[in-house]
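J.: Sharing entry36.cif here; it has mmCIF, C-alpha atoms.
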data_start
#
loop_
_atom_site.label_atom_id
_atom_site.label_comp_id
_atom_site.auth_asym_id
_atom_site.auth_seq_id
_atom_site.Cartn_x
_atom_site.Cartn_y
_atom_site.Cartn_z
CA MET A 9 139.23 -9.22 0.94
CA LEU A 10 136.34 -10.24 3.16
CA MET A 11 136.17 -13.59 1.36
CA LEU A 12 139.89 -14.24 2.07
CA ILE A 13 139.38 -13.45 5.76
CA VAL A 14 136.40 -15.88 5.95
CA MET A 15 138.36 -18.63 4.12
CA HIS A 16 141.34 -18.14 6.45
CA ALA A 17 139.07 -18.35 9.49
CA VAL A 18 137.42 -21.56 8.20
CA GLY A 19 140.83 -23.05 7.40
CA SER A 20 142.07 -22.20 10.87
CA LEU A 21 139.00 -23.83 12.36
CA TYR A 22 139.55 -27.12 10.48
CA ALA A 23 143.27 -27.10 11.23
CA ALA A 24 142.67 -26.57 14.93
CA GLY A 25 142.54 -29.54 17.27
CA ALA A 26 139.53 -30.58 19.32
CA PRO A 27 139.22 -28.90 22.74
CA PHE A 28 141.41 -30.50 25.40
CA GLU A 29 138.53 -30.65 27.90
CA GLU A 30 136.33 -32.54 25.45
CA ILE A 31 139.13 -35.00 24.60
CA THR A 32 139.71 -35.59 28.34
CA LYS A 33 136.01 -36.24 28.83
CA ALA A 34 135.95 -38.75 25.95
CA LYS A 35 138.99 -40.54 27.40
CA ALA A 36 137.21 -40.72 30.77
CA PHE A 37 134.26 -42.42 29.04
CA ILE A 38 136.66 -44.98 27.54
CA GLN A 39 138.25 -45.69 30.95
CA GLN A 40 134.79 -46.13 32.45
CA LYS A 41 133.93 -48.55 29.60
CA GLU A 42 131.13 -46.27 28.40
CA TYR A 43 132.11 -46.92 24.81
CA ARG A 44 128.86 -45.80 23.18
CA ALA A 45 129.01 -42.40 24.86
CA ALA A 46 132.70 -42.03 23.96
CA GLU A 47 132.04 -43.00 20.33
CA THR A 48 129.14 -40.53 19.96
CA MET A 49 131.16 -37.71 21.47
CA LEU A 50 134.30 -38.42 19.39
CA ALA A 51 132.33 -38.77 16.14
CA ALA A 52 130.69 -35.39 16.75
CA MET A 53 134.06 -33.76 17.46
CA TRP A 54 135.63 -35.36 14.39
CA ALA A 55 132.90 -33.88 12.20
CA GLU A 56 133.81 -30.47 13.64
CA PHE A 57 137.59 -30.98 13.65
CA PRO A 58 138.30 -33.37 10.74
CA ASN A 59 142.07 -32.74 10.75
CA ASP A 60 142.73 -33.74 14.35
CA PRO A 61 144.51 -37.16 14.19
CA GLN A 62 143.83 -38.05 17.79
CA LEU A 63 140.07 -38.28 17.13
CA PRO A 64 140.25 -41.27 14.72
CA LEU A 65 142.93 -42.70 17.02
CA LEU A 66 140.54 -42.63 19.98
CA LEU A 67 137.69 -43.93 17.81
CA GLY A 68 139.99 -46.81 16.84
CA GLN A 69 140.59 -47.59 20.51
CA VAL A 70 136.85 -47.56 21.20
CA SER A 71 136.12 -49.87 18.25
CA GLU A 72 138.91 -52.21 19.37
CA LYS A 73 137.42 -52.37 22.89
CA ARG A 74 134.04 -53.21 21.37
CA GLY A 75 135.58 -55.96 19.26
CA LEU A 76 134.93 -54.15 15.97
CA LEU A 77 138.34 -54.93 14.48
CA ASP A 78 137.59 -53.83 10.89
CA ALA A 79 136.31 -50.44 12.06
CA ALA A 80 139.27 -50.06 14.44
CA GLU A 81 141.73 -50.83 11.63
CA ASP A 82 140.09 -48.20 9.41
CA TYR A 83 140.22 -45.53 12.15
CA TYR A 84 143.88 -46.25 12.95
CA LEU A 85 144.81 -46.03 9.26
CA GLN A 86 143.07 -42.65 8.97
CA SER A 87 144.94 -41.42 12.04
CA ILE A 88 148.25 -42.58 10.50
CA ASN A 89 147.39 -40.82 7.23
CA MET A 90 147.00 -37.60 9.20
CA ASP A 91 150.08 -38.15 11.36
CA VAL A 92 152.52 -40.79 10.11
CA ASN A 93 154.61 -40.38 13.26
CA SER A 94 151.79 -41.31 15.63
CA PHE A 95 153.20 -44.05 17.88
CA ASP A 96 149.80 -44.84 19.40
CA ALA A 97 148.17 -45.27 15.97
CA HIS A 98 150.86 -47.67 14.71
CA TYR A 99 150.83 -49.58 18.00
CA GLY A 100 147.02 -49.77 18.06
CA LEU A 101 146.90 -50.92 14.44
CA GLY A 102 149.49 -53.61 15.25
CA VAL A 103 147.33 -54.90 18.13
CA VAL A 104 144.23 -55.03 15.91
CA LEU A 105 146.04 -56.81 13.07
CA PHE A 106 147.51 -59.36 15.48
CA LYS A 107 144.05 -60.07 16.90
CA ALA A 108 142.76 -60.48 13.34
CA GLY A 109 145.49 -63.04 12.60
CA GLU A 110 147.50 -60.74 10.29
CA LYS A 111 150.79 -61.42 12.07
CA GLN A 112 153.18 -60.21 9.36
CA MET A 113 151.33 -56.90 8.97
CA ALA A 114 151.13 -56.55 12.75
CA ALA A 115 154.91 -56.98 12.98
CA LYS A 116 155.43 -54.13 10.49
CA GLU A 117 153.22 -51.79 12.51
CA PHE A 118 154.97 -52.61 15.80
CA GLU A 119 158.33 -52.09 14.08
CA SER A 120 157.11 -48.69 12.89
CA ALA A 121 156.08 -47.96 16.47
CA VAL A 122 159.56 -48.74 17.88
CA LEU A 123 161.16 -46.59 15.17
CA ILE A 124 159.05 -43.68 16.40
CA ASN A 125 159.67 -44.50 20.08
CA PRO A 126 162.74 -46.74 20.54
CA GLU A 127 162.18 -46.72 24.32
CA SER A 128 158.79 -48.43 24.19
CA TYR A 129 158.98 -51.56 26.30
CA ASP A 130 155.41 -52.61 25.36
CA ALA A 131 156.11 -52.43 21.61
CA TYR A 132 159.20 -54.66 21.95
CA ILE A 133 157.23 -57.18 24.00
CA LYS A 134 154.50 -57.19 21.33
CA LEU A 135 157.16 -57.83 18.67
CA ASN A 136 158.46 -60.72 20.76
CA HIS A 137 154.94 -62.19 20.90
CA VAL A 138 154.32 -61.69 17.18
CA TYR A 139 157.58 -63.30 16.07
CA SER A 140 157.08 -66.12 18.58
CA ALA A 141 153.71 -66.76 16.93
CA LEU A 142 155.43 -66.64 13.52
CA LYS A 143 157.99 -69.17 14.88
CA ASP A 144 160.84 -66.78 14.11
CA ARG A 145 162.81 -67.48 17.30
CA GLU A 146 165.80 -65.36 16.35
CA ARG A 147 163.79 -62.16 15.95
CA ALA A 148 161.59 -63.01 18.93
CA GLN A 149 164.70 -63.35 21.11
CA TYR A 150 166.18 -60.14 19.69
CA TYR A 151 163.12 -58.08 20.63
CA LEU A 152 162.94 -59.76 24.02
CA GLU A 153 166.52 -58.67 24.70
CA LYS A 154 165.65 -55.12 23.61
CA ALA A 155 162.75 -55.15 26.08
CA LYS A 156 165.11 -56.34 28.83
CA GLU A 157 167.48 -53.46 28.07
CA ILE A 158 164.65 -50.98 28.61
CA ASN A 159 163.24 -52.77 31.64
CA PRO A 160 165.99 -54.70 33.51
CA ALA A 161 163.41 -55.91 36.03
CA TYR A 162 161.58 -57.78 33.24
CA GLU A 163 163.59 -61.00 33.60
CA LYS A 164 163.19 -60.98 37.38
CA ASN A 165 159.43 -60.45 37.02
CA LEU A 166 159.31 -63.14 34.37
CA LYS A 167 161.01 -65.65 36.67
CA LEU A 168 158.74 -64.69 39.54
CA SER A 169 155.69 -65.13 37.30
CA ALA A 170 157.00 -68.52 36.18
CA VAL A 171 157.52 -69.64 39.80
CA LEU A 172 154.03 -68.45 40.78
CA MET A 173 152.52 -70.19 37.75
CA TRP A 174 154.33 -73.45 38.55
CA ALA A 175 153.33 -73.26 42.21
CA THR A 176 149.68 -72.59 41.33
CA THR A 177 149.41 -75.36 38.75
CA ILE A 178 151.24 -77.91 40.93
CA LEU A 179 149.03 -77.07 43.92
CA LEU A 180 145.89 -77.43 41.80
CA TYR A 181 147.13 -80.70 40.35
CA GLY A 182 148.02 -82.00 43.82
CA PHE A 183 144.61 -80.92 45.15
CA PHE A 184 142.83 -82.90 42.43
CA LEU A 185 144.98 -85.97 43.17
CA LEU A 186 144.38 -85.75 46.93
CA ARG A 187 140.64 -85.49 46.30
CA LYS A 188 141.01 -88.51 43.98
CA ASN A 189 139.60 -86.48 41.08
CA TYR A 190 142.01 -88.26 38.77
CA ILE A 191 140.09 -87.50 35.57
CA VAL A 192 139.99 -83.76 36.38
CA ALA A 193 143.72 -83.87 37.21
CA ALA A 194 144.48 -85.58 33.89
CA VAL A 195 142.43 -83.08 31.87
CA PHE A 196 144.01 -80.15 33.75
CA ALA A 197 147.56 -81.43 33.10
CA LEU A 198 146.80 -82.19 29.44
CA VAL A 199 145.29 -78.74 28.75
CA THR A 200 148.26 -77.06 30.48
CA SER A 201 150.63 -79.17 28.36
CA ILE A 202 148.86 -78.08 25.16
CA ILE A 203 149.03 -74.40 26.21
CA PHE A 204 152.77 -74.69 26.79
CA LEU A 205 153.18 -76.46 23.45
CA ILE A 206 151.35 -73.68 21.61
CA THR A 207 153.46 -71.00 23.33
CA GLY A 208 156.67 -72.81 22.41
CA ARG A 209 157.62 -73.96 25.93
CA HIS A 210 158.28 -77.55 24.94
CA THR A 211 160.07 -78.64 28.14
CA ASN A 212 157.15 -77.51 30.30
CA SER A 213 154.76 -79.15 27.84
CA VAL A 214 156.52 -82.51 28.21
CA ILE A 215 156.51 -82.24 32.03
CA TYR A 216 152.77 -81.63 32.16
CA LEU A 217 152.18 -84.36 29.62
CA GLY A 218 154.00 -86.69 32.02
CA MET A 219 151.72 -85.49 34.82
CA ALA A 220 148.73 -86.31 32.64
CA PHE A 221 150.10 -89.86 32.20
CA VAL A 222 150.54 -90.16 35.97
CA SER A 223 146.88 -89.20 36.40
CA GLY A 224 146.02 -91.79 33.73
CA PHE A 225 147.84 -94.45 35.77
CA PHE A 226 145.79 -93.54 38.86
CA ILE A 227 142.60 -93.72 36.77
CA TYR A 228 143.62 -97.18 35.52
CA LYS A 229 144.45 -98.32 39.06
CA GLU A 230 141.13 -97.00 40.35
CA GLN A 231 139.23 -98.84 37.62
CA LEU A 232 141.08 -102.07 38.50
CA GLY A 233 140.09 -101.57 42.13
CA ILE A 234 136.44 -101.07 41.16
CA LYS A 235 136.53 -104.18 38.98
CA SER A 236 138.17 -106.21 41.75
CA GLU A 237 135.58 -105.02 44.29
CA TYR A 238 132.80 -105.92 41.87
CA GLU A 239 134.24 -109.42 41.42
CA LYS A 240 134.47 -109.85 45.18
CA ARG A 241 130.87 -108.79 45.66
CA LYS A 242 129.76 -110.99 42.82
CA GLN A 243 131.60 -113.96 44.26
CA SER A 244 130.25 -113.21 47.73
CA GLY A 245 126.74 -113.04 46.31
CA GLN A 246 127.21 -116.39 44.60
CA ILE A 247 128.36 -117.96 47.87
CA ILE A 248 125.38 -116.53 49.75
CA GLN A 249 123.02 -117.78 47.05
CA LYS A 250 124.58 -121.26 47.20
CA ASP A 251 124.16 -121.37 50.99
CA LEU A 252 120.57 -120.20 50.66
CA ASP A 253 119.78 -122.91 48.12
CA GLU A 254 121.20 -125.54 50.48
CA ALA A 255 119.15 -124.14 53.36
CA VAL A 256 115.96 -124.25 51.26
CA LYS A 257 116.59 -127.90 50.28
CA LYS A 258 117.15 -128.79 53.94
CA ALA A 259 113.97 -126.92 54.96
CA TYR A 260 111.88 -128.94 52.50
CA LEU A 261 113.39 -132.17 53.92
CA ILE A 262 112.64 -131.11 57.51
CA LEU A 263 108.99 -130.45 56.64
CA GLY A 264 108.84 -133.65 54.58
CA LEU A 265 107.92 -131.83 51.39
CA LYS A 266 109.10 -131.87 47.81
CA GLN A 267 110.71 -128.75 46.36
CA GLY A 268 108.18 -126.37 44.86
CA ALA A 269 105.45 -127.18 47.37
CA THR A 270 102.65 -124.62 47.66
CA LYS A 271 102.23 -122.32 50.64
CA HIS A 272 99.15 -124.28 51.66
CA GLU A 273 101.18 -127.51 51.74
CA ILE A 274 103.96 -125.78 53.70
CA LYS A 275 101.48 -124.49 56.32
CA SER A 276 99.79 -127.90 56.57
CA ALA A 277 103.10 -129.73 57.03
CA TYR A 278 104.24 -127.18 59.60
CA ARG A 279 101.04 -127.56 61.67
CA LYS A 280 101.40 -131.35 61.74
CA LEU A 281 105.04 -131.26 62.82
CA ALA A 282 104.46 -128.43 65.31
CA LYS A 283 101.66 -130.46 66.90
CA LYS A 284 103.72 -133.65 66.84
CA HIS A 285 106.72 -132.11 68.55
CA HIS A 286 104.82 -129.79 70.90
CA PRO A 287 105.75 -130.47 74.57
CA ASP A 288 102.10 -131.22 75.44
CA SER A 289 101.86 -133.86 72.70
CA ALA A 290 105.36 -135.29 72.66
CA GLY A 291 105.61 -135.75 76.41
CA PRO A 292 108.94 -137.21 77.48
CA LYS A 293 109.89 -137.66 73.80
CA LYS A 294 109.94 -133.89 73.16
CA ASN A 295 112.82 -132.64 71.03
CA ASP A 296 113.65 -128.93 71.43
CA GLU A 297 116.15 -128.99 68.58
CA MET A 298 113.55 -130.46 66.22
CA ILE A 299 110.99 -127.81 67.19
CA LYS A 300 113.57 -125.08 66.43
CA ALA A 301 114.43 -126.69 63.08
CA VAL A 302 110.73 -126.91 62.08
CA ASN A 303 110.12 -123.28 63.00
CA ALA A 304 113.22 -122.14 61.07
CA ALA A 305 112.28 -124.23 58.00
CA TYR A 306 108.74 -122.85 58.01
CA SER A 307 109.96 -119.22 58.41
CA LEU A 308 112.35 -119.64 55.48
CA LEU A 309 109.91 -121.32 53.06
CA ILE A 310 106.81 -119.28 53.83
CA LYS A 311 108.65 -116.04 52.97
CA ARG A 312 109.84 -117.26 49.59
CA PRO A 313 107.92 -116.04 46.56
#
For this file, write the structure as structure tokens.
T.:
Amino acid sequence: MLMLIVMHAVGSLYAAGAPFEEITKAKAFIQQKEYRAAETMLAAMWAEFPNDPQLPLLLGQVSEKRGLLDAAEDYYLQSINMDVNSFDAHYGLGVVLFKAGEKQMAAKEFESAVLINPESYDAYIKLNHVYSALKDRERAQYYLEKAKEINPAYEKNLKLSAVLMWATTILLYGFFLLRKNYIVAAVFALVTSIIFLITGRHTNSVIYLGMAFVSGFFIYKEQLGIKSEYEKRKQSGQIIQKDLDEAVKKAYLILGLKQGATKHEIKSAYRKLAKKHHPDSAGPKKNDEMIKAVNAAYSLLIKRP
């Protein structure tokens, strides 16, 4: 008789759920992103209350937050085995499977979740995302309509989000163009186009692709301008060099020297001409223009390497 009482007491203990206060504390750890503390606490409680399905459910949520998808999947499955009607466990498992790339299996779990709770807006939205990823537009649209039935404000919020997104992207694109960051603008438009293409918004994708081409045109135009400016500078430099060569030839003639004369020869010729045309030496025959020409020729040639 005593043995039966002990066995009944032990059975009652294992059938009982974990204390509400302890569960609340563990949930607080999860909200505060103290995942290690939450995991340690939940694991200890699960060892004491192995038949409480919310413990593996919470452990699954912790593992999911930490990016441990295999562990999270295992915990969610154990929670479902204990309570097949657990909406949170099916929903959580669907999220994990979708993250792991198991889209078909994720769809089944989300469908199980909406069977348990047909008023779950989040589950219908997840099903819309999953079937959009599976390129099953008919089912994706069906679940989107179901979500709209539950939350009539969804479409209004969706339109508002779309307007805000368009406004933000257009402003950014315009900012890059005004700053003449054409390459950044092109990359931005191209990446946005690819994102829209992946999410199935083909019209938006084409529009942003067109914007990328517009940026490409500005890049091309800018490069043409740079090339044209370079050609102008090059041509200008050639003209200056030609004028300089002519001036050097004339300077040699003024000093009565051959091209390539040494600095010593240039100085010697300059001294002779400077003395010859100096006002004290030239007397009434002085020539101011000739003196200026000699000085200029000497200044030009003596500085040349």
J.: Please indicate the distance in Å from CA of Gln86 (chain A) to CA of Trp54 (chain A), rounded to one decimal place.
T.: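 Answer for the CA of Gln86 (chain A) to CA of Trp54 (chain A) separation: 11.7 Å.
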J.: With all atoms listed in the file as the counted atoms, please give the residues lying no more than 10 Å from Phe184 (chain A), apart from itself and same-chain residues fewer than 5 positions off, as a list in words.
T.: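 Answer for this query is Ile178, Leu179, Asn189, Tyr190, Ile191, Val192, Ala193, Ala194, Phe196 and Ser223 of chain A.
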J.: Find, counting only C-alpha atoms, the residue in A:Phe95, A:Tyr306, A:Phe37, A:Tyr228 that gets nearest to Val256 (chain A).
T.: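 Looking only at the distances to Val256 (chain A), the closest residue turns out to be A:Tyr306.
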J.: Hey, can I get the axis-aligned box for region 35-46 of chain A? All listed atoms, 5 Å padding on each side, centre and edge lengths in Å to one decimal, as JSON.
T.:
{"center_x": 133.9, "center_y": -44.5, "center_z": 27.8, "size_x": 20.1, "size_y": 18.0, "size_z": 19.3}
J.: Which residues fall under the PyMOL selection byres ((chain A and resi 128) around 12) in this file, as a PDB file with C-alpha atoms, keeping the file's coordinate frame?
T.:
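Ended up saving to out.pdb:
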ATOM      1  CA  PHE A  95     153.200 -44.050  17.880  1.00  0.00           C
ATOM      2  CA  ASP A  96     149.800 -44.840  19.400  1.00  0.00           C
ATOM      3  CA  TYR A  99     150.830 -49.580  18.000  1.00  0.00           C
ATOM      4  CA  PHE A 118     154.970 -52.610  15.800  1.00  0.00           C
ATOM      5  CA  GLU A 119     158.330 -52.090  14.080  1.00  0.00           C
ATOM      6  CA  SER A 120     157.110 -48.690  12.890  1.00  0.00           C
ATOM      7  CA  ALA A 121     156.080 -47.960  16.470  1.00  0.00           C
ATOM      8  CA  VAL A 122     159.560 -48.740  17.880  1.00  0.00           C
ATOM      9  CA  LEU A 123     161.160 -46.590  15.170  1.00  0.00           C
ATOM     10  CA  ILE A 124     159.050 -43.680  16.400  1.00  0.00           C
ATOM     11  CA  ASN A 125     159.670 -44.500  20.080  1.00  0.00           C
ATOM     12  CA  PRO A 126     162.740 -46.740  20.540  1.00  0.00           C
ATOM     13  CA  GLU A 127     162.180 -46.720  24.320  1.00  0.00           C
ATOM     14  CA  TYR A 129     158.980 -51.560  26.300  1.00  0.00           C
ATOM     15  CA  ASP A 130     155.410 -52.610  25.360  1.00  0.00           C
ATOM     16  CA  ALA A 131     156.110 -52.430  21.610  1.00  0.00           C
ATOM     17  CA  TYR A 132     159.200 -54.660  21.950  1.00  0.00           C
ATOM     18  CA  ILE A 133     157.230 -57.180  24.000  1.00  0.00           C
ATOM     19  CA  LYS A 134     154.500 -57.190  21.330  1.00  0.00           C
ATOM     20  CA  LEU A 135     157.160 -57.830  18.670  1.00  0.00           C
ATOM     21  CA  TYR A 151     163.120 -58.080  20.630  1.00  0.00           C
ATOM     22  CA  LYS A 154     165.650 -55.120  23.610  1.00  0.00           C
ATOM     23  CA  ALA A 155     162.750 -55.150  26.080  1.00  0.00           C
ATOM     24  CA  LYS A 156     165.110 -56.340  28.830  1.00  0.00           C
ATOM     25  CA  GLU A 157     167.480 -53.460  28.070  1.00  0.00           C
ATOM     26  CA  ILE A 158     164.650 -50.980  28.610  1.00  0.00           C
ATOM     27  CA  ASN A 159     163.240 -52.770  31.640  1.00  0.00           C
TER      28      ASN A 159
END
J.: Mind giving me the straight-line distance from CA of Leu76 (chain A) to CA of Lys116 (chain A) in Å, one decimal?
T.: 21.2 Å
J.: Measuring atom to atom with all atoms listed in the file, identify which of A:Lys300, A:Arg312, A:Arg44, A:Arg145 is nearest to Ala282 (chain A).
T.: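 Of A:Lys300, A:Arg312, A:Arg44, A:Arg145, the one nearest Ala282 (chain A), counting all atoms listed in the file, is A:Lys300.
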J.: Using all atoms listed in the file, which residues sit within 12 Å of Lys311 (chain A) once same-chain residues fewer than 6 positions away are excluded, as number ranges by chain?
T.: A: 256, 270-271, 274-275, 304-305
J.: Produce a file of the selected residues containing C-alpha atoms, as a tab-separated table (two decimals), in the frame of the given file.
T.:
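Printed below is again01.tsv as written:
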chain	number	residue	atom	x	y	z
A	256	VAL	CA	115.96	-124.25	51.26
A	270	THR	CA	102.65	-124.62	47.66
A	271	LYS	CA	102.23	-122.32	50.64
A	274	ILE	CA	103.96	-125.78	53.70
A	275	LYS	CA	101.48	-124.49	56.32
A	304	ALA	CA	113.22	-122.14	61.07
A	305	ALA	CA	112.28	-124.23	58.00
J.: May I ask for the distance between CA of Ile31 (chain A) and CA of Ala115 (chain A), given in Å to one decimal place?
T.: 29.4 Å
